[in-house]
Structure formats: C-alpha cells, structure tokens
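Colleague: The file below is work.cif, mmCIF, C-alpha atoms and all ligand atoms:
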data_run
loop_
_atom_site.label_atom_id
_atom_site.label_comp_id
_atom_site.auth_asym_id
_atom_site.auth_seq_id
_atom_site.Cartn_x
_atom_site.Cartn_y
_atom_site.Cartn_z
CA MET A 1 9.57 -10.52 34.19
CA GLY A 2 7.56 -8.33 36.56
CA GLN A 3 6.31 -4.91 35.51
CA ASP A 4 8.50 -3.27 38.16
CA MET A 5 11.71 -4.66 36.68
CA ASN A 6 11.79 -2.24 33.79
CA ILE A 7 15.12 -3.02 32.15
CA TRP A 8 14.64 -0.09 29.79
CA SER A 9 14.21 2.46 32.57
CA SER A 10 16.07 5.71 31.98
CA SER A 11 17.15 4.58 28.50
CA LEU A 12 15.00 7.31 26.89
CA ASN A 13 16.12 10.16 29.14
CA GLY A 14 16.18 13.47 27.31
CA GLN A 15 14.18 12.22 24.34
CA VAL A 16 10.94 13.81 23.17
CA ALA A 17 8.13 11.52 21.97
CA ILE A 18 4.79 12.10 20.23
CA VAL A 19 2.16 9.35 20.58
CA THR A 20 -1.01 9.43 18.48
CA GLY A 21 -4.26 7.92 19.69
CA ALA A 22 -2.96 8.36 23.23
CA GLY A 23 -6.41 9.00 24.71
CA SER A 24 -7.18 5.28 24.96
CA GLY A 25 -5.90 1.72 24.78
CA LEU A 26 -2.50 1.09 23.21
CA GLY A 27 -1.58 4.75 22.69
CA ARG A 28 -2.31 5.54 26.34
CA ALA A 29 -0.21 2.57 27.50
CA SER A 30 2.58 3.59 25.16
CA ALA A 31 2.56 7.19 26.42
CA LEU A 32 2.80 5.94 30.03
CA GLY A 33 5.49 3.40 29.10
CA LEU A 34 7.60 6.01 27.32
CA LEU A 35 7.23 8.35 30.32
CA LYS A 36 8.40 5.60 32.68
CA ALA A 37 11.38 4.99 30.40
CA GLY A 38 12.44 8.63 30.78
CA ALA A 39 11.05 10.34 27.68
CA THR A 40 9.20 13.64 27.61
CA VAL A 41 5.87 12.68 26.05
CA VAL A 42 3.28 14.57 24.01
CA ALA A 43 0.04 12.57 24.05
CA THR A 44 -2.22 13.41 21.11
CA ASP A 45 -5.76 12.34 20.21
CA ILE A 46 -9.04 13.68 18.81
CA SER A 47 -10.68 13.02 22.20
CA GLN A 48 -10.11 15.65 24.91
CA LYS A 49 -11.83 13.35 27.42
CA GLY A 50 -9.44 10.54 26.54
CA LEU A 51 -6.43 12.83 26.86
CA ASP A 52 -7.67 14.12 30.22
CA GLU A 53 -7.92 10.52 31.48
CA THR A 54 -4.41 9.75 30.22
CA LYS A 55 -3.10 12.89 31.92
CA ALA A 56 -4.77 11.86 35.21
CA LEU A 57 -3.13 8.41 35.00
CA ALA A 58 0.26 10.01 34.27
CA ILE A 59 -0.14 12.22 37.35
CA ASP A 60 -1.13 9.15 39.41
CA ILE A 61 2.13 7.38 38.53
CA GLY A 62 4.25 10.47 39.17
CA PHE A 63 4.58 12.06 35.73
CA PRO A 64 2.66 15.37 35.81
CA SER A 65 4.91 16.55 32.96
CA LEU A 66 2.84 14.71 30.33
CA VAL A 67 1.86 17.17 27.60
CA THR A 68 -1.49 16.66 25.83
CA LYS A 69 -2.54 18.09 22.48
CA ILE A 70 -5.64 17.60 20.36
CA MET A 71 -4.65 16.37 16.90
CA ASP A 72 -6.56 14.60 14.14
CA VAL A 73 -3.97 12.50 12.32
CA SER A 74 -5.93 12.69 9.08
CA VAL A 75 -5.73 16.50 8.82
CA GLU A 76 -2.32 17.63 7.60
CA SER A 77 -2.56 21.20 8.90
CA GLU A 78 -3.20 19.90 12.44
CA VAL A 79 -0.37 17.37 12.22
CA LYS A 80 2.04 20.01 10.93
CA ARG A 81 1.09 22.46 13.70
CA VAL A 82 1.44 19.93 16.54
CA PHE A 83 4.79 18.64 15.31
CA GLN A 84 6.13 22.19 14.91
CA GLU A 85 4.83 23.20 18.35
CA THR A 86 6.40 20.11 19.93
CA GLU A 87 9.83 20.79 18.46
CA SER A 88 9.77 24.48 19.35
CA GLU A 89 8.34 23.99 22.87
CA LEU A 90 10.37 20.91 23.87
CA GLY A 91 13.53 21.40 21.82
CA SER A 92 13.47 18.30 19.61
CA LEU A 93 11.46 15.35 18.38
CA ASP A 94 13.13 11.94 18.77
CA ILE A 95 10.30 9.39 18.90
CA LEU A 96 6.98 8.97 17.10
CA HIS A 97 4.53 6.22 17.95
CA SER A 98 2.03 6.52 15.11
CA ASN A 99 -0.73 4.50 16.65
CA ALA A 100 -4.15 6.14 16.18
CA GLY A 101 -6.53 3.81 14.43
CA VAL A 102 -10.19 3.01 13.82
CA GLU A 103 -11.95 -0.20 12.89
CA ARG A 104 -15.33 -0.93 11.31
CA TYR A 105 -16.57 -4.50 10.78
CA ILE A 106 -18.48 -4.06 7.51
CA ALA A 107 -18.31 -6.28 4.40
CA LEU A 108 -16.77 -4.35 1.51
CA GLU A 109 -19.86 -4.77 -0.67
CA GLU A 110 -21.96 -3.08 2.02
CA MET A 111 -19.48 -0.39 3.04
CA GLU A 112 -20.47 3.24 2.53
CA GLU A 113 -17.84 5.55 1.08
CA VAL A 114 -17.81 7.53 4.33
CA ASP A 115 -16.62 4.47 6.30
CA LEU A 116 -14.12 3.49 3.63
CA ASP A 117 -12.69 7.02 3.67
CA LEU A 118 -12.52 7.09 7.47
CA LEU A 119 -10.56 3.82 7.65
CA LEU A 120 -8.09 4.89 4.98
CA ASP A 121 -7.81 8.47 6.31
CA VAL A 122 -6.97 7.44 9.87
CA ASP A 123 -5.28 4.04 9.50
CA LEU A 124 -3.19 4.76 6.39
CA LYS A 125 -3.08 8.47 5.52
CA GLY A 126 -2.80 9.44 9.21
CA VAL A 127 0.28 7.25 9.61
CA LEU A 128 1.86 8.70 6.46
CA LEU A 129 1.16 12.30 7.52
CA THR A 130 2.58 11.86 11.01
CA CYS A 131 5.71 10.20 9.63
CA LYS A 132 6.07 12.96 7.01
CA HIS A 133 6.05 15.68 9.65
CA ALA A 134 8.23 13.76 12.13
CA ILE A 135 11.11 13.21 9.72
CA PRO A 136 12.41 16.80 9.27
CA ALA A 137 12.48 17.31 13.06
CA MET A 138 14.23 13.95 13.58
CA ARG A 139 16.82 14.83 10.94
CA ARG A 140 17.47 18.07 12.82
CA ALA A 141 17.80 16.03 16.05
CA GLY A 142 20.40 13.77 14.40
CA GLY A 143 18.16 10.71 14.40
CA GLY A 144 15.03 9.17 15.80
CA SER A 145 12.73 6.20 16.05
CA ILE A 146 9.31 5.78 14.47
CA VAL A 147 7.01 2.92 15.50
CA ILE A 148 3.81 2.37 13.54
CA THR A 149 0.96 0.29 14.94
CA SER A 150 -0.15 -2.26 12.35
CA SER A 151 -2.05 -5.45 13.23
CA VAL A 152 -1.93 -9.21 12.72
CA GLN A 153 -4.88 -8.54 10.43
CA ALA A 154 -2.32 -7.38 7.85
CA SER A 155 -1.50 -11.06 7.32
CA HIS A 156 -4.36 -13.04 8.93
CA SER A 157 -7.86 -12.34 7.70
CA LEU A 158 -11.30 -11.91 9.19
CA PRO A 159 -14.42 -11.21 7.11
CA GLY A 160 -15.60 -7.61 7.43
CA CYS A 161 -12.08 -6.22 7.68
CA VAL A 162 -11.05 -5.72 4.05
CA VAL A 163 -10.25 -2.00 4.26
CA TYR A 164 -8.76 -2.19 7.76
CA ALA A 165 -6.53 -5.10 6.70
CA ALA A 166 -5.47 -3.25 3.54
CA ALA A 167 -4.52 -0.19 5.57
CA LYS A 168 -2.66 -2.25 8.17
CA ALA A 169 -0.75 -4.15 5.47
CA GLY A 170 -0.06 -0.81 3.83
CA VAL A 171 1.61 0.64 6.90
CA ILE A 172 3.97 -2.35 7.19
CA ALA A 173 5.06 -1.71 3.60
CA ALA A 174 5.34 2.00 4.37
CA ALA A 175 7.51 1.35 7.45
CA ARG A 176 9.83 -0.94 5.48
CA THR A 177 10.17 1.50 2.58
CA LEU A 178 10.47 4.61 4.73
CA ALA A 179 13.26 2.93 6.69
CA LEU A 180 15.30 2.96 3.47
CA GLU A 181 14.53 6.62 2.78
CA VAL A 182 15.50 7.94 6.21
CA GLY A 183 18.24 5.59 7.40
CA ASN A 184 20.76 8.16 6.18
CA GLY A 185 19.37 10.49 8.86
CA ASN A 186 19.88 7.83 11.56
CA ILE A 187 16.10 7.45 11.75
CA ARG A 188 14.75 3.95 12.37
CA VAL A 189 11.24 2.97 11.26
CA ASN A 190 9.49 -0.18 12.45
CA ALA A 191 5.97 -1.54 12.51
CA ILE A 192 4.47 -3.42 15.41
CA SER A 193 1.66 -5.92 14.89
CA PRO A 194 -0.42 -6.63 17.97
CA GLY A 195 -2.67 -9.63 18.19
CA THR A 196 -5.90 -9.37 20.19
CA ILE A 197 -5.33 -6.87 22.98
CA ASN A 198 -7.65 -5.84 25.79
CA THR A 199 -8.59 -2.24 24.85
CA PRO A 200 -11.83 -0.31 24.24
CA MET A 201 -11.38 -1.10 20.51
CA LEU A 202 -11.71 -4.80 21.28
CA THR A 203 -14.90 -4.18 23.24
CA ARG A 204 -16.36 -2.22 20.30
CA ASP A 205 -15.17 -4.85 17.81
CA LEU A 206 -17.09 -7.54 19.68
CA ALA A 207 -20.24 -5.44 19.52
CA ASP A 208 -19.70 -4.69 15.80
CA MET A 209 -19.31 -8.37 15.00
CA ASN A 210 -22.69 -9.13 16.57
CA VAL A 211 -21.04 -11.76 18.70
CA GLY A 212 -23.90 -12.74 20.99
CA LYS A 213 -21.73 -14.01 23.75
CA ALA A 214 -18.54 -12.00 24.01
CA GLU A 215 -17.03 -14.46 26.45
CA GLU A 216 -17.46 -17.31 23.98
CA PHE A 217 -15.76 -15.32 21.26
CA LEU A 218 -12.91 -14.38 23.57
CA ASP A 219 -12.45 -18.04 24.51
CA THR A 220 -12.11 -18.86 20.81
CA VAL A 221 -9.52 -16.11 20.35
CA LYS A 222 -7.61 -17.30 23.40
CA SER A 223 -7.49 -20.89 22.20
CA ALA A 224 -6.19 -19.64 18.82
CA ASN A 225 -2.90 -18.41 20.26
CA ALA A 226 -0.01 -20.17 21.93
CA LEU A 227 -0.37 -18.43 25.30
CA HIS A 228 -4.16 -18.91 25.51
CA ARG A 229 -4.90 -15.41 26.68
CA ILE A 230 -5.70 -11.92 25.41
CA GLY A 231 -2.79 -9.47 25.49
CA GLU A 232 -2.58 -6.40 27.71
CA ALA A 233 -1.89 -2.89 26.39
CA SER A 234 1.18 -2.62 28.62
CA GLU A 235 2.69 -5.61 26.79
CA ILE A 236 2.52 -3.70 23.51
CA ALA A 237 3.90 -0.59 25.22
CA ASP A 238 6.90 -2.60 26.45
CA ALA A 239 7.66 -3.60 22.85
CA VAL A 240 7.29 0.02 21.66
CA VAL A 241 9.71 1.22 24.35
CA PHE A 242 12.16 -1.52 23.35
CA LEU A 243 12.02 -0.49 19.66
CA CYS A 244 12.68 3.14 20.65
CA SER A 245 15.50 2.29 23.03
CA ASP A 246 19.24 1.94 22.54
CA LYS A 247 18.72 -1.83 22.77
CA ALA A 248 17.25 -1.75 19.25
CA LEU A 249 19.69 0.49 17.41
CA TYR A 250 20.18 -1.97 14.52
CA ILE A 251 16.49 -2.76 14.09
CA THR A 252 14.80 -0.89 11.26
CA GLY A 253 12.38 -1.75 8.46
CA SER A 254 11.00 -4.61 10.55
CA ASN A 255 7.55 -5.68 11.67
CA LEU A 256 7.54 -6.89 15.27
CA VAL A 257 4.64 -9.27 15.87
CA VAL A 258 3.37 -9.20 19.48
CA ASP A 259 0.47 -11.62 19.45
CA GLY A 260 0.96 -14.40 22.00
CA GLY A 261 1.78 -16.74 19.12
CA PHE A 262 -1.50 -16.19 17.24
CA THR A 263 0.20 -16.04 13.82
CA ALA A 264 2.45 -19.00 14.71
CA VAL A 265 -0.47 -21.42 15.01
CA LYS A 266 -1.15 -23.45 11.87
CA SER A 267 -4.84 -23.77 11.14
CA ILE A 268 -6.05 -27.31 10.48
N1 LIG B 1 -6.81 -3.63 20.43
C1 LIG B 1 -6.38 -4.55 19.59
O1 LIG B 1 -6.66 -5.75 19.73
C2 LIG B 1 -5.54 -4.14 18.42
C3 LIG B 1 -4.92 -5.17 17.68
C4 LIG B 1 -4.12 -4.81 16.60
C5 LIG B 1 -3.95 -3.49 16.26
N2 LIG B 1 -4.57 -2.51 16.98
C6 LIG B 1 -4.31 -1.13 16.58
O2 LIG B 1 -3.80 -0.44 17.70
C7 LIG B 1 -4.09 0.95 17.58
C8 LIG B 1 -4.74 1.43 18.87
O3 LIG B 1 -5.93 0.68 19.04
P1 LIG B 1 -6.66 0.57 20.46
O4 LIG B 1 -7.03 -0.84 20.62
O5 LIG B 1 -5.88 1.26 21.49
O6 LIG B 1 -7.99 1.38 20.12
P2 LIG B 1 -8.80 2.50 20.95
O7 LIG B 1 -10.05 2.69 20.20
O8 LIG B 1 -8.84 2.10 22.38
O9 LIG B 1 -7.89 3.80 20.82
C9 LIG B 1 -7.73 4.45 19.59
C10 LIG B 1 -7.53 5.92 19.87
O10 LIG B 1 -7.32 6.58 18.59
C11 LIG B 1 -8.02 7.80 18.63
N3 LIG B 1 -8.33 8.27 17.27
C12 LIG B 1 -9.29 7.81 16.44
N4 LIG B 1 -9.29 8.54 15.31
C13 LIG B 1 -8.30 9.45 15.42
C14 LIG B 1 -7.80 10.48 14.59
N5 LIG B 1 -8.36 10.73 13.39
N6 LIG B 1 -6.75 11.23 15.01
C15 LIG B 1 -6.21 11.00 16.23
N7 LIG B 1 -6.65 10.05 17.08
C16 LIG B 1 -7.69 9.29 16.68
C17 LIG B 1 -9.28 7.50 19.43
O11 LIG B 1 -9.89 8.70 19.92
C18 LIG B 1 -8.74 6.60 20.51
O12 LIG B 1 -8.34 7.34 21.65
C19 LIG B 1 -4.98 1.09 16.34
O13 LIG B 1 -4.18 1.47 15.25
C20 LIG B 1 -5.49 -0.32 16.14
O14 LIG B 1 -5.84 -0.54 14.81
C21 LIG B 1 -5.36 -2.80 18.05
#
Let me see the file written as structure tokens.
Ligand SMILES: NC(=O)c1ccc[n+]([C@@H]2O[C@H](COP(=O)([O-])OP(=O)(O)OC[C@H]3O[C@@H](n4cnc5c(N)ncnc54)[C@H](O)[C@@H]3O)[C@@H](O)[C@H]2O)c1

Modeller:
Amino acid sequence: MGQDMNIWSSSLNGQVAIVTGAGSGLGRASALGLLKAGATVVATDISQKGLDETKALAIDIGFPSLVTKIMDVSVESEVKRVFQETESELGSLDILHSNAGVERYIALEEMEEVDLDLLLDVDLKGVLLTCKHAIPAMRRAGGGSIVITSSVQASHSLPGCVVYAAAKAGVIAAARTLALEVGNGNIRVNAISPGTINTPMLTRDLADMNVGKAEEFLDTVKSANALHRIGEASEIADAVVFLCSDKALYITGSNLVVDGGFTAVKSI
C-alpha cells in the first residue's frame, strides 16, 4: 500500500499525543505519522537540535502546529512537568508513544556502572516514568493508548547487548502488566518490537560493533529476515498509528513485532 493511501487518516482527530525521543529516528517518524493521522502532537527529546529538525519537517508537510518540549525521560520532575503542561495547554492527553532509547554495545563484564545506569535509566525507568505520568491524565480523558518501543532484542540476542536486551524485555512485561492495571480506565497499553530499522541509532550501532564494512553487516542482517531489507522508520510509525487508532480498540497487553520476519526465521 502506498504511503499516500493512509487508511488511518483523520482517525486520531481531536486526540493529544506525547512522543518521547521525537528528535530523531522512530520517534520523529511517529510524531509525523500521528500528526498526519489527525492528532495534536507534543514532540519531546533531550536534543533541542533534534526537535528543531522535527519541527522543520512537520512544517514542510503542512503541520506547523507541532509542539516541541525538552524532556529527559529519566528525570521524574521533568516528565511530571511536561505531562502536566501538555494536559493544561492542550486540554487532554490521549496517546503516549514512549519511545526514547539508548544503546551501548559493551560486554557486561566490561561495562562501567555509568553506562549500565544510562541504559536502565532511559530504556526502562524512562518508560515507566512516562507511563506513570500519562495514566492520570488518560483516566481524566476517559481512556487512552500507550505504545512502548521495545525491540526484537528482547527475544533474540546479540553479544554486547545484555543490559539493553534486559531493559527491552522488561518493557514488554511492563506493557502487559500495566494493561491489566489500567484497562478499567479504558487505557490500552501495547509494546512494539522493531527489527533493524534505518535510523541514526543503527548507524551508531554499526560503529559501536566495530563492523569494518557496514555494508557487509547490513547484507547479513537483510538476509536474516524474510523480506531481505532493512525497515524504514515510517513503517514503525504506521504500526504505532494503527495501535493508537480506533482500528485497534480490542488490542491491549500485546507486543507487536514489526521486523520484516526477522524473528520468524529459524536459525540452522
Ligand atoms: N533503529 C532500530 O533498528 C531499532 C530497533 C529496535 C528498537 N529500537 C528502539 O527504538 C527507539 C528509537 O530508536 P531510534 O532508532 O529512533 O534511535 P535514535 O538514536 O535515532 O533516536 C533516539 C532519540 O531518543 C533521544 N533520547 C535519548 N536519551 C533520551 C532521554 N534520556 N530522554 C529523552 N530522549 C532521549 C535521543 O536524543 C534521540 O533523539 C529506541 O527505544 C530504540 O531502542 C530501534
């Protein structure tokens, strides 16, 4: 289906969304996708430069209304402030895409505490804090949808990713369990697990892994999935918009894998 045939268009009209990590990659694509689907979007990130670029792209595609706010997901006072501001300035909070994440390719036995803390603070605690502060506003709105970005690394392992994988597996468990806690408020909570997606994180990952020839590595990744290609950020955004839309009203507590069939392939 072509990008122009957006079957979800207008399905999020009137809804207010916060996206974390929206200054780059998947969060940026999600913010733009939610805008196109009709939502009012607050793009948040620790990078002002990244947010400025996202804002410029939103203006380019006809959505100058995009709101941007600096927010570190690992600092509760900042999360609390941004979520309160959003509800009071825009009238409600209906959607959270808790997406900000960091990755470090370091074997656990060599990992410094500072890197271990960063991975857990952003990839696990940051998700929990953003969900915590979204829920009261969503209850007041009469419901909502939370999507948490996990990863196929929650179930399929690569050396050097112990803490990242633990955090990503943790957020799938958190989504499933939180869905039970907040279903009575008509709030749905789902995880999404991307495979290998073309974002700045992928570029940095390749450098971290000391892969001499990036192209060779990418060819290996491509041949390891059913579609034989790397995914695009917009393809994850489409899945996020779907999970937030009225086409997914009975989907909660799930983990939607969007990986071109990477986890479907049986290794020899
Ligand atoms: N790219 C992939 O192949 C892939 C695959 C699976 C999962 N993921 C996950 O998708 C999410 C987005 O990754 P991406 O590829 O877009 O990466 P990216 O590096 O392009 O973007 C991540 C964004 O998060 C922001 N960020 C970092 N720390 C933050 C913090 N403390 N508070 C707020 N924002 C912060 C960064 O500034 C950046 O803008 C991450 O959770 C990542 O783990 C990515």

Colleague: Let me have all residues with an atom within 7 Å of ligand LIG 1 (chain B), counting all atoms listed in the file, laid out as a ChimeraX atom specification.

Modeller: /A:20-27,44-47,50,71-74,99-103,122-123,149-152,193-202

Colleague: Under the rule that only C-alpha atoms are counted, which of A:Leu129, A:Val79, A:Val163, A:Ile251 is the nearest residue to Leu108 of chain A?

Modeller: A:Val163

Colleague: Find the residue from A:Glu216, A:Glu87, A:Glu181, A:Glu110 that sits nearest to Ala141 of chain A; use all atoms listed in the file when measuring.

Modeller: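 Counting all atoms listed in the file, the residue closest to Ala141 of chain A is A:Glu87.
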
Colleague: Could you tell me how far atom CA of Phe262 of chain A sits from atom CA of Leu118 of chain A, in Å to one decimal place?

Modeller: 27.5 Å

Colleague: Every residue with an atom at most 10 Å from (3.7, 7.0, 32.2) (file coordinates; all atoms listed in the file) is what I'm after, so could you write them as a list in words?

Modeller: Arg28, Ala29, Ser30, Ala31, Leu32, Gly33, Leu34, Leu35, Lys36, Ala37, Gly38, Ala39, Thr40, Val41, Thr54, Lys55, Leu57, Ala58, Ile59, Asp60, Ile61, Gly62, Phe63, Pro64, Ser65 and Leu66 of chain A

Colleague: Calculate how many Å separate atom CA of Leu158 of chain A from atom CA of Asp219 of chain A, rounding to one decimal.

Modeller: 16.5 Å

Colleague: Could you work out how far atom CA of Glu76 of chain A lies from atom CA of Val147 of chain A, giving the answer in Å with one decimal?

Modeller: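 Separation of atom CA of Val147 of chain A and atom CA of Glu76 of chain A: 19.1 Å.
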
Colleague: Which of these residues is nearest to Met111 of chain A, using all atoms listed in the file: A:Pro136, A:Gly144, A:Gly160, A:Gly260?

Modeller: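 Distance minimum relative to Met111 of chain A lands on A:Gly160.
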
Colleague: For Leu227 of chain A, please output as an mmCIF file with C-alpha atoms, keeping the file's coordinate frame all residues within 12 Å (counting only C-alpha atoms; exclusion window: fewer than 3 positions along the same chain).

Modeller:
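Once written, part-v1.cif looks like this:
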data_model
loop_
_atom_site.group_PDB
_atom_site.id
_atom_site.type_symbol
_atom_site.label_atom_id
_atom_site.label_comp_id
_atom_site.auth_asym_id
_atom_site.auth_seq_id
_atom_site.Cartn_x
_atom_site.Cartn_y
_atom_site.Cartn_z
ATOM 1 C CA GLY A 195 -2.670 -9.630 18.190
ATOM 2 C CA THR A 196 -5.900 -9.370 20.190
ATOM 3 C CA VAL A 221 -9.520 -16.110 20.350
ATOM 4 C CA LYS A 222 -7.610 -17.300 23.400
ATOM 5 C CA SER A 223 -7.490 -20.890 22.200
ATOM 6 C CA ALA A 224 -6.190 -19.640 18.820
ATOM 7 C CA ILE A 230 -5.700 -11.920 25.410
ATOM 8 C CA GLY A 231 -2.790 -9.470 25.490
ATOM 9 C CA VAL A 258 3.370 -9.200 19.480
ATOM 10 C CA ASP A 259 0.470 -11.620 19.450
ATOM 11 C CA GLY A 260 0.960 -14.400 22.000
ATOM 12 C CA GLY A 261 1.780 -16.740 19.120
ATOM 13 C CA PHE A 262 -1.500 -16.190 17.240
ATOM 14 C CA THR A 263 0.200 -16.040 13.820
ATOM 15 C CA ALA A 264 2.450 -19.000 14.710
ATOM 16 C CA VAL A 265 -0.470 -21.420 15.010
#

Colleague: Got a sec: who's within 8 Å of Gln153 of chain A, counting all atoms listed in the file, leaving out chain neighbours fewer than 6 positions off, as a list in words?

Modeller: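 The residues satisfying every condition are Tyr164, Ala165, Lys168 and Ala169 of chain A.
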
Colleague: Select, from A:Pro159, A:Gly143, A:Gly126, A:Gly170, the residue with the minimum atom-to-atom distance to Asn186 of chain A, counting only C-alpha atoms.

Modeller: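 Using only C-alpha atoms, Asn186 of chain A sits closest to A:Gly143.
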
Colleague: With distances taken over only C-alpha atoms, which of A:Gly91, A:Gln48, A:Lys132, A:Cys161 is nearest to Leu116 of chain A?

Modeller: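 Smallest separation from Leu116 of chain A among the options: A:Cys161.
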
Colleague: Can you sort out the box for segment 26-44 of chain A, edges along x, y and z, all listed atoms in, 8 Å on every side, with centre and edge lengths in Å to one decimal, as JSON?

Modeller:
{"center_x": 5.0, "center_y": 7.8, "center_z": 26.9, "size_x": 30.9, "size_y": 29.5, "size_z": 27.6}

Colleague: Choose the residue, out of A:Thr68, A:Thr86, A:Asn13, A:Ser267, that has the smallest atom-to-atom separation from His156 of chain A; count all atoms listed in the file.

Modeller: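 The closest residue to His156 of chain A is A:Ser267.
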
Colleague: For Ala248 of chain A, list every protein, DNA or RNA residue within 12 Å, evaluated using all atoms listed in the file, and leave out those in the same chain fewer than 6 positions away; present the list as a PyMOL selection string.

Modeller: chain A and resi 8+11+144-147+187-190+239-242+254+256

Colleague: With all atoms listed in the file as the counted atoms, please give the residues lying no more than 6 Å from Ala17 of chain A, apart from itself and same-chain residues fewer than 4 positions off, as a VMD selection string.

Modeller: chain A and resid 41 94 to 96
